[in-house]
Amino acid sequence: MVSFSYKNRIAFNYILSTALLISIVFVVLFQIIKHNVNSHINFNIQEEIKKHIDEVEIDMNKSYLIQVDQWRAREHNTVNVNPVFVQFLDCNNELIDKSPNLKGLQLKLYPPEQNNKNIDTYLNNQPIRQVQVPIYDKKEQVGYLFIAISLEDSMVILEKLKNILLISFPLILVVLFFIARLIAGRSIKPVKMITETSGRITRDTLNDRIKLPQHKDELYVLSRTINELLDRIESAVEREKQFTSDASHELRTPLAVLKGTLEVLIRKPRTQAEYQEKITFCVKEVDRLNQLVDELLLLARFENQKVNLKQNMVFLNASILDILALHSQSISDKKLNIITDLDRDYYIKSDDYLVNIVLGNIISNAIKYTEIGGQISIRFLDETDKLICMISDTGIGIAKSDVSKVMNPFYRAQAYNHPEIKGVGLGLSIVNRLCSLLQIGFRLDSEIEKGTIVYLEFSKK
């Protein structure tokens with residue numbers, strides 16, 4: 001099967017539709033001309049009938065005789081370009097007279113049911129159209145008047161017209177094909193630009209963009225859409241690069257600390273207390289490293305959309321109490337005041353494991369960033385179609401400009417101002433992605449030195 005280019009396919013499809021339209025126009029045109037020619041011939045026949053029927057005189061003898069002297073005298077003084085044949089028959093169907101151009105020929109008499117009708121026939125192998133008109137005298141038929149006109153000229157005209165249309169039809173289509181191909185080539189020029197630009201774009205040249213066409217048509221929309229897609233891909237690749245860089249840095253840091261501590265231990269003998277102190281420090285760094293790896297793997301699962309959600313009843317009261325119990329030592333050490341609104345049971349239908357990660361990260365952050373003697377409040381607002389959980393603290397807070405940034409992996413606001421607070425900046429990133437996955441409304445309000453409020457909106461549907 002022959003493979004056409006896109007430009008040729010456009011031109012070919014255009015020609016198909018145009019060919020159908022032109023063929024319809026040609027057929028209609030031919031039929032109109034044919035109808036006009038036939039109407040003109042029929043009109044001439046009727047005029048000849050009226051002219052001759054008025055000149056007929058009838059004499060009464062034993063049989064009816066038709067006098068045509070006036071007709072014969074007038075015919076000698078009349079010049080007709082188109083041959084008109086005239087013939088008279090009496091009541092016995094005997095020839096009375098005929099026009100000289102009939103010479104030795106005679107028009108054929110047809111059955112009475114053909115009277116006054118146009119009859120296409122042949123005279124000496126030449127096409128003619130004749131009408132036989134009965135002549136009456138006092139309601140009694142006394143003869144026939146025959147009027148015939150040659151169809152040869154009209155048929156020649158129609159035949160030439162048909163040949164002209166048949167010859168011009170393919171010629172017009174060929175010319176239109178090349179014109180359509182030229183127009184299609186110009187029309188799809190932006191498509192070539194899209195193809196060339198797409199072929200140049202690689203991982204290292206994602207900043208290249210397609211030049212938008214001047215006319216804001218479908219190709220303009222296509223080019224703009226592809227550019228927007230490239231923007232998203234470039235942004236995703238940049239985030240991936242940044243994520244990989246930050247992850248490798250965060251993994252190297254505890255490993256470097258572990259290596260340095262162990263190297264110090266083996267340089268010279270240590271006391272039991274020194275060994276215990278350094279080993280305890282290394283264990284904490286290993287725990288921190290394990291937590292970091294777990295969080296990175298969790299983020300990777302979200303990126304690849306490989307999380308299988310399980311719908312079950314999640315009892316928020318029990319989840320919050322378990323999380324507070326898990327951090328009871330830190331709460332006690334920092335002498336935090338925990339206020340909860342758990343006088344009734346609150347529950348939703350969602351993934352129990354993932355909801356616990358969301359609540360755990362938020363409460364853990366509240367405990368981590370609240371100073372000694374601070375306060376953490378966990379309250380619920382039960383509305384008709386949703387359940388709102390508000391977790392607030394009186395911690396160090398986040399600057400307004402950093403609120404949106406803390407959702408990015410490894411971003412920590414004011415990390416240099418508070419080096420005593422450990423973390424890698426993955427908690428809120430995980431919360432944000434999990435809330436999006438679980439369709440939980442997530443909003444964060446914060447102010448420096450006044451604290452942070454986190455709003456979680458659980459749908460009851």
# chains A, B, ... in the order shown; residues from 1 in each chain; ligands from 1
>>> residues_around(residues="Asn361 of chain A", least_positions_apart="4", cutoff="8 Å", atoms="only C-alpha atoms", output="list in words")
Ile357, Asn365, Gly427, Leu428 and Val431 of chain A
>>> select_by_dssp(residues="segment 163-383 of chain A", states="helix (DSSP H, G or I)", output="PyMOL selection string")
chain A and resi 163-187+189-200+203-205+218-267+272-303+316-326+328-333+352-369
>>> atom_distance(atom1="atom CA of Arg129 of chain A", atom2="atom CA of Phe26 of chain A")
26.0 Å
>>> residues_around(residues="Leu16 of chain A", least_positions_apart="6", cutoff="10 Å", atoms="only C-alpha atoms", output="PyMOL selection string")
chain A and resi 22+173+177
